[in-house]
Amino acid sequence: MNDLTPAAAVAAPITQDVMTIPRKLPVSDKVNIIGLTREQLKAALIEAGTPEKQAKMRLGQIWQWVYYWGARDFALMTNLAKDYRALLEQRFEIALPEIVTRQVSADGTRKYLLRIAGGHEIETVYIPEEGRGTLCISSQVGCTLTCSFCHTGTQKLVRNLTAGEIVGQVMLARDDLGEWPEPGQGSTGERLLSNIVLMGMGEPLYNFDAVRDAMLIVRDDEGIALGRRRITLSTSGVVPEIARCAEEIGCQLAISFHATTDAVRDKLVPINKKWNIAELLQALRDYPRLSNSERITFEYVMLKDVNDSDADARRLVKLIQGIPAKINLIPFNEWPGSPYQRSDWERIEAFADIIYKAGYASPIRTPRGEDIMAACGQLKSATERARKSRAAIAAEAGLDS
Ligand code: SAH
Ligand code: SF4
């Protein structure tokens, strides 16, 4: 090799979407502003030397720069005095996860693989639709739960995401969509990223505080300002946290229901062994009143010959009687080694028909981004080595492998 050729220039092929970054992010002793609640940021500003009398005003100014304008550099904050900006620069940072890869599906769905502190990886998916766009965000690296049809469930929990890493997913997507306002240009009102679903990797109610803080930041009127009805949290059924979710986050709720008897739900969604269908339904009956939301979404993955019979559809309708609800049927998305098959299309339609005739909306969710493994339940970072074998997944689900 020519001694003058830097090794890196030879070794690392860089494509448009793949960036090579160090395995470990540099550790900084600065306080990251992203993810701090208003109260926490105010306290941090005072701690850094902001006079108490000015703290409220400085907080408002910085908040707006960061969350309304998308500023990443204190030097841009021109309504702050120069020496105050220097102080901020010294004590704080505005740090987001790093985008490792960005894949775009034939249907326009974008999947981002992000690297967070510690070198772990998470996935975030943007789904464009007519007149709106939904960002599916992750709340944990992996998941402690082991739903037998879910790819993430085969990956052990590595750690909870911080509030900053959750808000960071939203901010990075807005960067990629070019959606921060341009100074001097009024907002058009139409948003590319108009909705958020907590349906990526992880069980959001097992990372309650960080998810709550992140959603309150995203909702804040002086920043990203997404209405609470545009945020949907999906849970497998962490019953004791459901009332808290209504009271402290106030978002829409989706429940991974997936079965109509405890015997089947125990196998599909093992948290059912802890809080069964009856206990879950009781918590759901109280939700709309507590959160002042309209209806609950019941997610139901269609698994061939497992949970897709007419009898299941009728039982489902009976179980949820009295709960304002919509039932979202999800054709099973296969992943390498998955122990189930997707129900036939006619079966899914017959199932939907029974529910519809009972008076419930029963949309069938179109799988999006299947070609880039971005569909529901397919997310899993390929590099996490803590994997379970196919036999272990089947055994945990009580299936014959
Ligand atoms: N942990 C939360 C949120 C993430 S999963 C929860 O379980 O609700 C988001 C949705 O995708 C859930 O309804 C989940 O049950 C569903 N899902 C998981 N794996 C799937 C798969 N392979 N095909 C279709 N839907 C799946
Ligand atoms: Fe975890 Fe949700 Fe997957 Fe179950 S479906 S393993 S709770 S991410």
# chains A, B, ... in the order shown; residues from 1 in each chain; ligands from 1
>>> residues_near_ligand(ligand="ligand 1", cutoff="7 Å", atoms="only C-alpha atoms and all ligand atoms", output="list in words")
Phe149, Cys150, His151, Leu198, Met199, Gly200, Met201, Gly202, Glu203, Pro204, Ser234, Thr235, Ser236, Ile255, Ser256, Glu299, Tyr300, Val301, Ile330, Pro331, Phe332, Asn333, Glu334, Trp335, Cys376, Gly377 and Gln378 of chain A
>>> residues_around(residues="Ala106 in chain A", least_positions_apart="4", cutoff="9 Å", atoms="only C-alpha atoms", output="list in words")
Gly369, Asp371 and Ile372 of chain A
>>> residues_around(residues="Ala71 in chain A", least_positions_apart="5", cutoff="10 Å", atoms="only C-alpha atoms", output="ChimeraX atom specification")
/A:62-66,76-77,94,180
>>> write_last_selection(atoms="N, CA and C atoms", output="JSON list (two decimals), in the first residue's frame")
[["chain", "number", "residue", "atom", "x", "y", "z"],
["A", 62, "ILE", "N", -34.33, 29.85, 25.21],
["A", 62, "ILE", "CA", -33.55, 28.68, 24.78],
["A", 62, "ILE", "C", -34.50, 27.58, 24.27],
["A", 63, "TRP", "N", -35.60, 27.41, 25.00],
["A", 63, "TRP", "CA", -36.59, 26.38, 24.62],
["A", 63, "TRP", "C", -37.06, 26.60, 23.19],
["A", 64, "GLN", "N", -37.36, 27.86, 22.91],
["A", 64, "GLN", "CA", -37.86, 28.17, 21.58],
["A", 64, "GLN", "C", -36.79, 27.93, 20.51],
["A", 65, "TRP", "N", -35.57, 28.31, 20.78],
["A", 65, "TRP", "CA", -34.49, 28.06, 19.81],
["A", 65, "TRP", "C", -34.36, 26.57, 19.52],
["A", 66, "VAL", "N", -34.37, 25.79, 20.60],
["A", 66, "VAL", "CA", -34.10, 24.37, 20.43],
["A", 66, "VAL", "C", -35.29, 23.63, 19.82],
["A", 76, "LEU", "N", -26.23, 30.58, 17.39],
["A", 76, "LEU", "CA", -27.38, 31.08, 16.62],
["A", 76, "LEU", "C", -28.38, 31.85, 17.48],
["A", 77, "MET", "N", -28.25, 31.71, 18.79],
["A", 77, "MET", "CA", -29.27, 32.26, 19.69],
["A", 77, "MET", "C", -29.05, 33.75, 19.90],
["A", 94, "ILE", "N", -26.30, 20.34, 22.88],
["A", 94, "ILE", "CA", -27.59, 20.01, 22.26],
["A", 94, "ILE", "C", -27.30, 18.75, 21.44],
["A", 180, "TRP", "N", -38.11, 21.97, 10.14],
["A", 180, "TRP", "CA", -38.03, 23.09, 11.08],
["A", 180, "TRP", "C", -38.39, 24.36, 10.33]]
>>> atom_distance(atom1="CA of Lys273 in chain A", atom2="CA of Gly250 in chain A")
26.9 Å
>>> select_by_dssp(residues="range 64-292 of chain A", states="strand (DSSP E or B)", output="VMD selection string")
chain A and resid 92 to 93 98 to 104 110 to 115 121 to 129 132 to 136 140 to 141 155 159 to 160 195 to 198 231 to 235 252 to 256
>>> write_last_selection(atoms="N, CA and C atoms", output="compact mmCIF listing (two decimals), in the first residue's frame")
# COMPACT_ATOMS: atom_id res chain seq x y z
N PHE A 92 -23.31 23.42 28.49
CA PHE A 92 -24.39 22.61 27.92
C PHE A 92 -24.05 22.12 26.52
N GLU A 93 -24.82 21.12 26.09
CA GLU A 93 -24.74 20.70 24.69
C GLU A 93 -26.16 20.41 24.20
N GLU A 98 -27.09 9.47 16.84
CA GLU A 98 -26.48 9.57 15.50
C GLU A 98 -27.23 8.67 14.53
N ILE A 99 -27.45 9.15 13.33
CA ILE A 99 -28.08 8.29 12.32
C ILE A 99 -26.99 7.41 11.72
N VAL A 100 -27.16 6.09 11.84
CA VAL A 100 -26.18 5.17 11.27
C VAL A 100 -26.58 4.85 9.83
N THR A 101 -27.83 4.43 9.65
CA THR A 101 -28.31 4.21 8.28
C THR A 101 -29.73 4.75 8.16
N ARG A 102 -30.09 5.02 6.93
CA ARG A 102 -31.43 5.50 6.63
C ARG A 102 -31.84 4.76 5.38
N GLN A 103 -32.91 3.97 5.49
CA GLN A 103 -33.37 3.22 4.33
C GLN A 103 -34.73 3.75 3.90
N VAL A 104 -34.96 3.81 2.62
CA VAL A 104 -36.24 4.30 2.11
C VAL A 104 -36.91 3.17 1.34
N ARG A 110 -39.63 5.48 5.65
CA ARG A 110 -38.20 5.64 5.93
C ARG A 110 -37.87 4.96 7.25
N LYS A 111 -36.83 4.17 7.24
CA LYS A 111 -36.40 3.53 8.50
C LYS A 111 -35.00 4.03 8.86
N TYR A 112 -34.88 4.52 10.09
CA TYR A 112 -33.60 5.03 10.56
C TYR A 112 -33.04 4.07 11.60
N LEU A 113 -31.78 3.72 11.44
CA LEU A 113 -31.08 3.00 12.49
C LEU A 113 -30.24 4.04 13.21
N LEU A 114 -30.48 4.18 14.51
CA LEU A 114 -29.80 5.23 15.27
C LEU A 114 -28.87 4.62 16.30
N ARG A 115 -27.77 5.28 16.53
CA ARG A 115 -26.86 4.83 17.57
C ARG A 115 -26.93 5.79 18.74
N GLU A 121 -28.11 0.33 19.48
CA GLU A 121 -28.84 0.78 18.29
C GLU A 121 -30.34 0.61 18.47
N ILE A 122 -31.07 1.59 17.93
CA ILE A 122 -32.53 1.52 17.96
C ILE A 122 -33.05 1.89 16.58
N GLU A 123 -34.33 1.60 16.35
CA GLU A 123 -34.91 1.94 15.06
C GLU A 123 -36.11 2.86 15.22
N THR A 124 -36.26 3.73 14.23
CA THR A 124 -37.37 4.69 14.18
C THR A 124 -37.89 4.63 12.75
N VAL A 125 -39.21 4.68 12.58
CA VAL A 125 -39.78 4.54 11.23
C VAL A 125 -40.73 5.70 10.94
N TYR A 126 -40.55 6.31 9.77
CA TYR A 126 -41.46 7.38 9.35
C TYR A 126 -42.36 6.84 8.23
N ILE A 127 -43.67 7.00 8.43
CA ILE A 127 -44.64 6.45 7.48
C ILE A 127 -45.47 7.59 6.88
N PRO A 128 -45.20 7.96 5.62
CA PRO A 128 -45.99 9.04 5.01
C PRO A 128 -47.34 8.51 4.54
N GLU A 129 -48.37 9.30 4.79
CA GLU A 129 -49.71 8.93 4.34
C GLU A 129 -50.35 10.16 3.73
N ARG A 132 -51.00 13.27 6.04
CA ARG A 132 -50.37 13.17 7.36
C ARG A 132 -49.13 12.28 7.30
N GLY A 133 -48.38 12.28 8.36
CA GLY A 133 -47.20 11.42 8.41
C GLY A 133 -46.98 10.99 9.84
N THR A 134 -46.73 9.69 10.04
CA THR A 134 -46.62 9.15 11.39
C THR A 134 -45.20 8.69 11.66
N LEU A 135 -44.70 9.07 12.82
CA LEU A 135 -43.38 8.59 13.23
C LEU A 135 -43.55 7.54 14.31
N CYS A 136 -43.00 6.37 14.04
CA CYS A 136 -43.08 5.26 14.99
C CYS A 136 -41.78 5.24 15.76
N GLN A 140 -37.30 1.61 24.21
CA GLN A 140 -36.25 0.83 24.87
C GLN A 140 -35.34 0.21 23.80
N VAL A 141 -34.16 -0.20 24.20
CA VAL A 141 -33.33 -1.03 23.31
C VAL A 141 -33.74 -2.46 23.62
N GLN A 155 -35.14 -10.12 21.29
CA GLN A 155 -33.92 -9.41 21.68
C GLN A 155 -34.06 -9.02 23.14
N ARG A 159 -31.35 -1.63 27.51
CA ARG A 159 -31.61 -0.57 28.49
C ARG A 159 -32.79 0.29 28.06
N ASN A 160 -33.29 1.05 29.01
CA ASN A 160 -34.32 2.03 28.70
C ASN A 160 -33.70 3.20 27.96
N ASN A 195 -48.03 12.97 13.41
CA ASN A 195 -48.47 12.03 14.44
C ASN A 195 -47.29 11.21 14.96
N ILE A 196 -47.42 10.81 16.21
CA ILE A 196 -46.39 9.94 16.79
C ILE A 196 -47.06 8.69 17.34
N VAL A 197 -46.48 7.54 17.06
CA VAL A 197 -46.95 6.33 17.73
C VAL A 197 -45.77 5.71 18.48
N LEU A 198 -46.01 5.37 19.74
CA LEU A 198 -44.98 4.66 20.51
C LEU A 198 -45.20 3.18 20.26
N ILE A 231 -50.75 11.74 19.54
CA ILE A 231 -49.75 10.82 20.09
C ILE A 231 -50.47 9.57 20.58
N THR A 232 -50.03 8.42 20.13
CA THR A 232 -50.65 7.16 20.56
C THR A 232 -49.58 6.27 21.18
N LEU A 233 -49.87 5.85 22.41
CA LEU A 233 -48.95 4.96 23.10
C LEU A 233 -49.52 3.54 23.03
N SER A 234 -48.71 2.61 22.59
CA SER A 234 -49.15 1.22 22.51
C SER A 234 -48.52 0.42 23.63
N THR A 235 -49.36 -0.30 24.36
CA THR A 235 -48.83 -1.14 25.45
C THR A 235 -49.34 -2.57 25.32
N GLN A 252 -53.45 9.23 23.37
CA GLN A 252 -54.32 8.14 22.94
C GLN A 252 -53.67 6.82 23.34
N LEU A 253 -54.52 5.82 23.56
CA LEU A 253 -53.98 4.53 23.99
C LEU A 253 -54.31 3.44 22.99
N ALA A 254 -53.32 2.62 22.70
CA ALA A 254 -53.55 1.41 21.90
C ALA A 254 -53.12 0.21 22.74
N ILE A 255 -53.88 -0.86 22.64
CA ILE A 255 -53.59 -2.04 23.44
C ILE A 255 -53.30 -3.22 22.52
N SER A 256 -52.18 -3.87 22.79
CA SER A 256 -51.85 -5.07 22.01
C SER A 256 -52.68 -6.22 22.59
>>> atom_distance(atom1="CA of Leu36 in chain A", atom2="CA of Glu165 in chain A")
10.9 Å
>>> residues_around(residues="Cys245 in chain A", least_positions_apart="5", cutoff="12 Å", atoms="only C-alpha atoms", output="PyMOL selection string")
chain A and resi 204-209+211-213+215-216+228+231-235+237-240+250-254+283-284+286-288+290-293
>>> atom_distance(atom1="CA of Phe74 in chain A", atom2="CA of Arg219 in chain A")
23.0 Å
>>> select_by_dssp(residues="range 282-384 of chain A", states="alpha helix (DSSP H)", output="ChimeraX atom specification")
/A:282-291,310-319,345-357
>>> write_last_selection(atoms="N, CA, C and O atoms", output="tab-separated table (two decimals), in the first residue's frame")
chain	number	residue	atom	x	y	z
A	282	GLN	N	-60.68	-3.98	32.76
A	282	GLN	CA	-61.13	-3.08	33.83
A	282	GLN	C	-60.36	-1.76	33.77
A	282	GLN	O	-60.95	-0.68	33.86
A	283	ALA	N	-59.03	-1.87	33.57
A	283	ALA	CA	-58.22	-0.64	33.48
A	283	ALA	C	-58.63	0.18	32.27
A	283	ALA	O	-58.64	1.42	32.32
A	284	LEU	N	-59.00	-0.49	31.19
A	284	LEU	CA	-59.36	0.22	29.97
A	284	LEU	C	-60.70	0.93	30.09
A	284	LEU	O	-60.91	1.98	29.49
A	285	ARG	N	-61.58	0.35	30.86
A	285	ARG	CA	-62.90	0.99	31.03
A	285	ARG	C	-62.77	2.38	31.64
A	285	ARG	O	-63.55	3.27	31.37
A	286	ASP	N	-61.75	2.54	32.48
A	286	ASP	CA	-61.57	3.84	33.15
A	286	ASP	C	-60.78	4.84	32.30
A	286	ASP	O	-60.77	6.03	32.60
A	287	TYR	N	-60.10	4.36	31.28
A	287	TYR	CA	-59.14	5.22	30.56
A	287	TYR	C	-59.75	6.45	29.90
A	287	TYR	O	-59.27	7.57	30.08
A	288	PRO	N	-60.81	6.29	29.12
A	288	PRO	CA	-61.33	7.46	28.39
A	288	PRO	C	-61.73	8.60	29.33
A	288	PRO	O	-61.45	9.77	29.07
A	289	ARG	N	-62.33	8.26	30.46
A	289	ARG	CA	-62.74	9.30	31.40
A	289	ARG	C	-61.51	9.99	31.98
A	289	ARG	O	-61.42	11.21	32.03
A	290	LEU	N	-60.52	9.20	32.38
A	290	LEU	CA	-59.33	9.76	33.01
A	290	LEU	C	-58.52	10.61	32.03
A	290	LEU	O	-57.91	11.60	32.40
A	291	SER	N	-58.49	10.22	30.78
A	291	SER	CA	-57.62	10.91	29.82
A	291	SER	C	-58.39	11.88	28.95
A	291	SER	O	-57.80	12.59	28.14
A	310	ASP	N	-63.94	-17.13	13.44
A	310	ASP	CA	-65.17	-16.35	13.64
A	310	ASP	C	-65.51	-16.29	15.13
A	310	ASP	O	-65.96	-15.26	15.64
A	311	ALA	N	-65.28	-17.39	15.82
A	311	ALA	CA	-65.58	-17.43	17.26
A	311	ALA	C	-64.72	-16.39	18.00
A	311	ALA	O	-65.20	-15.72	18.92
A	312	ASP	N	-63.47	-16.26	17.57
A	312	ASP	CA	-62.60	-15.24	18.19
A	312	ASP	C	-63.17	-13.85	17.97
A	312	ASP	O	-63.22	-13.04	18.90
A	313	ALA	N	-63.60	-13.59	16.73
A	313	ALA	CA	-64.14	-12.25	16.43
A	313	ALA	C	-65.36	-11.96	17.30
A	313	ALA	O	-65.50	-10.86	17.84
A	314	ARG	N	-66.21	-12.96	17.46
A	314	ARG	CA	-67.42	-12.74	18.27
A	314	ARG	C	-67.08	-12.54	19.75
A	314	ARG	O	-67.66	-11.71	20.44
A	315	ARG	N	-66.12	-13.34	20.22
A	315	ARG	CA	-65.69	-13.18	21.63
A	315	ARG	C	-65.09	-11.79	21.86
A	315	ARG	O	-65.34	-11.15	22.87
A	316	LEU	N	-64.32	-11.34	20.88
A	316	LEU	CA	-63.67	-10.03	21.00
A	316	LEU	C	-64.70	-8.92	21.17
A	316	LEU	O	-64.60	-8.08	22.08
A	317	VAL	N	-65.71	-8.97	20.33
A	317	VAL	CA	-66.76	-7.96	20.37
A	317	VAL	C	-67.46	-7.97	21.74
A	317	VAL	O	-67.75	-6.92	22.32
A	318	LYS	N	-67.66	-9.17	22.25
A	318	LYS	CA	-68.34	-9.29	23.54
A	318	LYS	C	-67.48	-8.76	24.68
A	318	LYS	O	-67.96	-8.04	25.57
A	319	LEU	N	-66.20	-9.09	24.61
A	319	LEU	CA	-65.29	-8.66	25.69
A	319	LEU	C	-65.22	-7.15	25.81
A	319	LEU	O	-65.20	-6.61	26.92
A	345	TRP	N	-56.03	-13.70	3.47
A	345	TRP	CA	-56.72	-12.43	3.30
A	345	TRP	C	-58.23	-12.57	3.52
A	345	TRP	O	-58.86	-11.75	4.18
A	346	GLU	N	-58.81	-13.65	2.98
A	346	GLU	CA	-60.28	-13.84	3.13
A	346	GLU	C	-60.64	-13.97	4.61
A	346	GLU	O	-61.68	-13.53	5.05
A	347	ARG	N	-59.79	-14.65	5.35
A	347	ARG	CA	-60.02	-14.85	6.79
A	347	ARG	C	-60.01	-13.48	7.51
A	347	ARG	O	-60.85	-13.18	8.33
A	348	ILE	N	-59.04	-12.67	7.15
A	348	ILE	CA	-58.92	-11.35	7.80
A	348	ILE	C	-60.17	-10.53	7.48
A	348	ILE	O	-60.75	-9.90	8.37
A	349	GLU	N	-60.62	-10.61	6.24
A	349	GLU	CA	-61.81	-9.84	5.86
A	349	GLU	C	-63.06	-10.35	6.57
A	349	GLU	O	-63.91	-9.56	7.00
A	350	ALA	N	-63.18	-11.67	6.71
A	350	ALA	CA	-64.35	-12.23	7.39
A	350	ALA	C	-64.35	-11.80	8.86
A	350	ALA	O	-65.39	-11.45	9.44
A	351	PHE	N	-63.17	-11.80	9.47
A	351	PHE	CA	-63.00	-11.39	10.86
A	351	PHE	C	-63.39	-9.91	11.01
A	351	PHE	O	-64.16	-9.54	11.90
A	352	ALA	N	-62.89	-9.11	10.09
A	352	ALA	CA	-63.18	-7.66	10.12
A	352	ALA	C	-64.68	-7.41	9.96
A	352	ALA	O	-65.25	-6.52	10.61
A	353	ASP	N	-65.30	-8.21	9.15
A	353	ASP	CA	-66.72	-8.03	8.87
A	353	ASP	C	-67.58	-8.26	10.12
A	353	ASP	O	-68.52	-7.50	10.39
A	354	ILE	N	-67.24	-9.27	10.89
A	354	ILE	CA	-68.00	-9.56	12.11
A	354	ILE	C	-67.89	-8.37	13.09
A	354	ILE	O	-68.86	-7.92	13.68
A	355	ILE	N	-66.69	-7.84	13.19
A	355	ILE	CA	-66.46	-6.72	14.11
A	355	ILE	C	-67.19	-5.47	13.62
A	355	ILE	O	-67.83	-4.75	14.39
A	356	TYR	N	-67.11	-5.26	12.33
A	356	TYR	CA	-67.76	-4.08	11.73
A	356	TYR	C	-69.28	-4.14	11.94
A	356	TYR	O	-69.91	-3.15	12.32
A	357	LYS	N	-69.83	-5.34	11.74
A	357	LYS	CA	-71.30	-5.48	11.89
A	357	LYS	C	-71.72	-5.29	13.34
A	357	LYS	O	-72.87	-4.96	13.62
>>> closest_residue(among="A:Arg85, A:Arg174, A:Lys42, A:Lys274", to="Gly70 in chain A", atoms="only C-alpha atoms")
A:Arg174
>>> closest_residue(among="A:Tyr84, A:Tyr68, A:Phe298, A:Phe257", to="Ala325 in chain A", atoms="only C-alpha atoms")
A:Phe298
>>> closest_residue(among="A:Gly178, A:Gly227, A:Gly153, A:Pro363", to="ligand 2", atoms="only C-alpha atoms and all ligand atoms")
A:Gly153
>>> closest_residue(among="A:Cys147, A:Ile323, A:Leu303, A:Ala95", to="Ile116 in chain A", atoms="only C-alpha atoms")
A:Ala95
>>> closest_residue(among="A:Arg191, A:Arg229, A:Lys156, A:Arg342", to="ligand 2", atoms="only C-alpha atoms and all ligand atoms")
A:Lys156
>>> closest_residue(among="A:Ala214, A:Val264, A:Ala117, A:Leu157", to="ligand 2", atoms="only C-alpha atoms and all ligand atoms")
A:Leu157
>>> decode(residues="range 269-282 of chain A", atoms="N, CA, C and O atoms", output="mmCIF file, in the first residue's frame")
data_model
loop_
_atom_site.group_PDB
_atom_site.id
_atom_site.type_symbol
_atom_site.label_atom_id
_atom_site.label_comp_id
_atom_site.auth_asym_id
_atom_site.auth_seq_id
_atom_site.Cartn_x
_atom_site.Cartn_y
_atom_site.Cartn_z
ATOM 1 N N VAL A 269 -48.909 -13.026 24.352
ATOM 2 C CA VAL A 269 -48.485 -11.822 25.083
ATOM 3 C C VAL A 269 -48.293 -12.245 26.540
ATOM 4 O O VAL A 269 -49.193 -12.112 27.367
ATOM 5 N N PRO A 270 -47.127 -12.779 26.881
ATOM 6 C CA PRO A 270 -46.958 -13.428 28.194
ATOM 7 C C PRO A 270 -47.230 -12.536 29.401
ATOM 8 O O PRO A 270 -47.463 -13.054 30.493
ATOM 9 N N ILE A 271 -47.247 -11.214 29.223
ATOM 10 C CA ILE A 271 -47.560 -10.350 30.361
ATOM 11 C C ILE A 271 -48.974 -10.636 30.854
ATOM 12 O O ILE A 271 -49.345 -10.292 31.980
ATOM 13 N N ASN A 272 -49.759 -11.324 30.023
ATOM 14 C CA ASN A 272 -51.119 -11.704 30.392
ATOM 15 C C ASN A 272 -51.154 -12.626 31.613
ATOM 16 O O ASN A 272 -52.142 -12.686 32.341
ATOM 17 N N LYS A 273 -50.027 -13.312 31.851
ATOM 18 C CA LYS A 273 -49.985 -14.197 33.028
ATOM 19 C C LYS A 273 -49.947 -13.351 34.299
ATOM 20 O O LYS A 273 -50.315 -13.804 35.368
ATOM 21 N N LYS A 274 -49.464 -12.132 34.177
ATOM 22 C CA LYS A 274 -49.391 -11.232 35.320
ATOM 23 C C LYS A 274 -50.706 -10.470 35.476
ATOM 24 O O LYS A 274 -51.246 -10.371 36.571
ATOM 25 N N TRP A 275 -51.186 -9.887 34.394
ATOM 26 C CA TRP A 275 -52.450 -9.162 34.409
ATOM 27 C C TRP A 275 -53.301 -9.719 33.272
ATOM 28 O O TRP A 275 -52.987 -9.512 32.094
ATOM 29 N N ASN A 276 -54.347 -10.429 33.631
ATOM 30 C CA ASN A 276 -55.104 -11.148 32.608
ATOM 31 C C ASN A 276 -56.113 -10.249 31.894
ATOM 32 O O ASN A 276 -56.214 -9.046 32.170
ATOM 33 N N ILE A 277 -56.862 -10.850 30.989
ATOM 34 C CA ILE A 277 -57.775 -10.074 30.145
ATOM 35 C C ILE A 277 -58.782 -9.283 30.994
ATOM 36 O O ILE A 277 -59.018 -8.104 30.745
ATOM 37 N N ALA A 278 -59.335 -9.914 32.011
ATOM 38 C CA ALA A 278 -60.345 -9.224 32.826
ATOM 39 C C ALA A 278 -59.748 -8.000 33.519
ATOM 40 O O ALA A 278 -60.353 -6.916 33.539
ATOM 41 N N GLU A 279 -58.541 -8.148 34.060
ATOM 42 C CA GLU A 279 -57.896 -7.012 34.751
ATOM 43 C C GLU A 279 -57.546 -5.894 33.768
ATOM 44 O O GLU A 279 -57.695 -4.708 34.057
ATOM 45 N N LEU A 280 -57.108 -6.317 32.589
ATOM 46 C CA LEU A 280 -56.760 -5.335 31.566
ATOM 47 C C LEU A 280 -58.003 -4.548 31.149
ATOM 48 O O LEU A 280 -57.987 -3.309 31.086
ATOM 49 N N LEU A 281 -59.088 -5.258 30.894
ATOM 50 C CA LEU A 281 -60.310 -4.577 30.442
ATOM 51 C C LEU A 281 -60.827 -3.604 31.498
ATOM 52 O O LEU A 281 -61.322 -2.530 31.185
ATOM 53 N N GLN A 282 -60.676 -3.980 32.765
ATOM 54 C CA GLN A 282 -61.134 -3.078 33.829
ATOM 55 C C GLN A 282 -60.359 -1.758 33.774
ATOM 56 O O GLN A 282 -60.946 -0.681 33.863
#
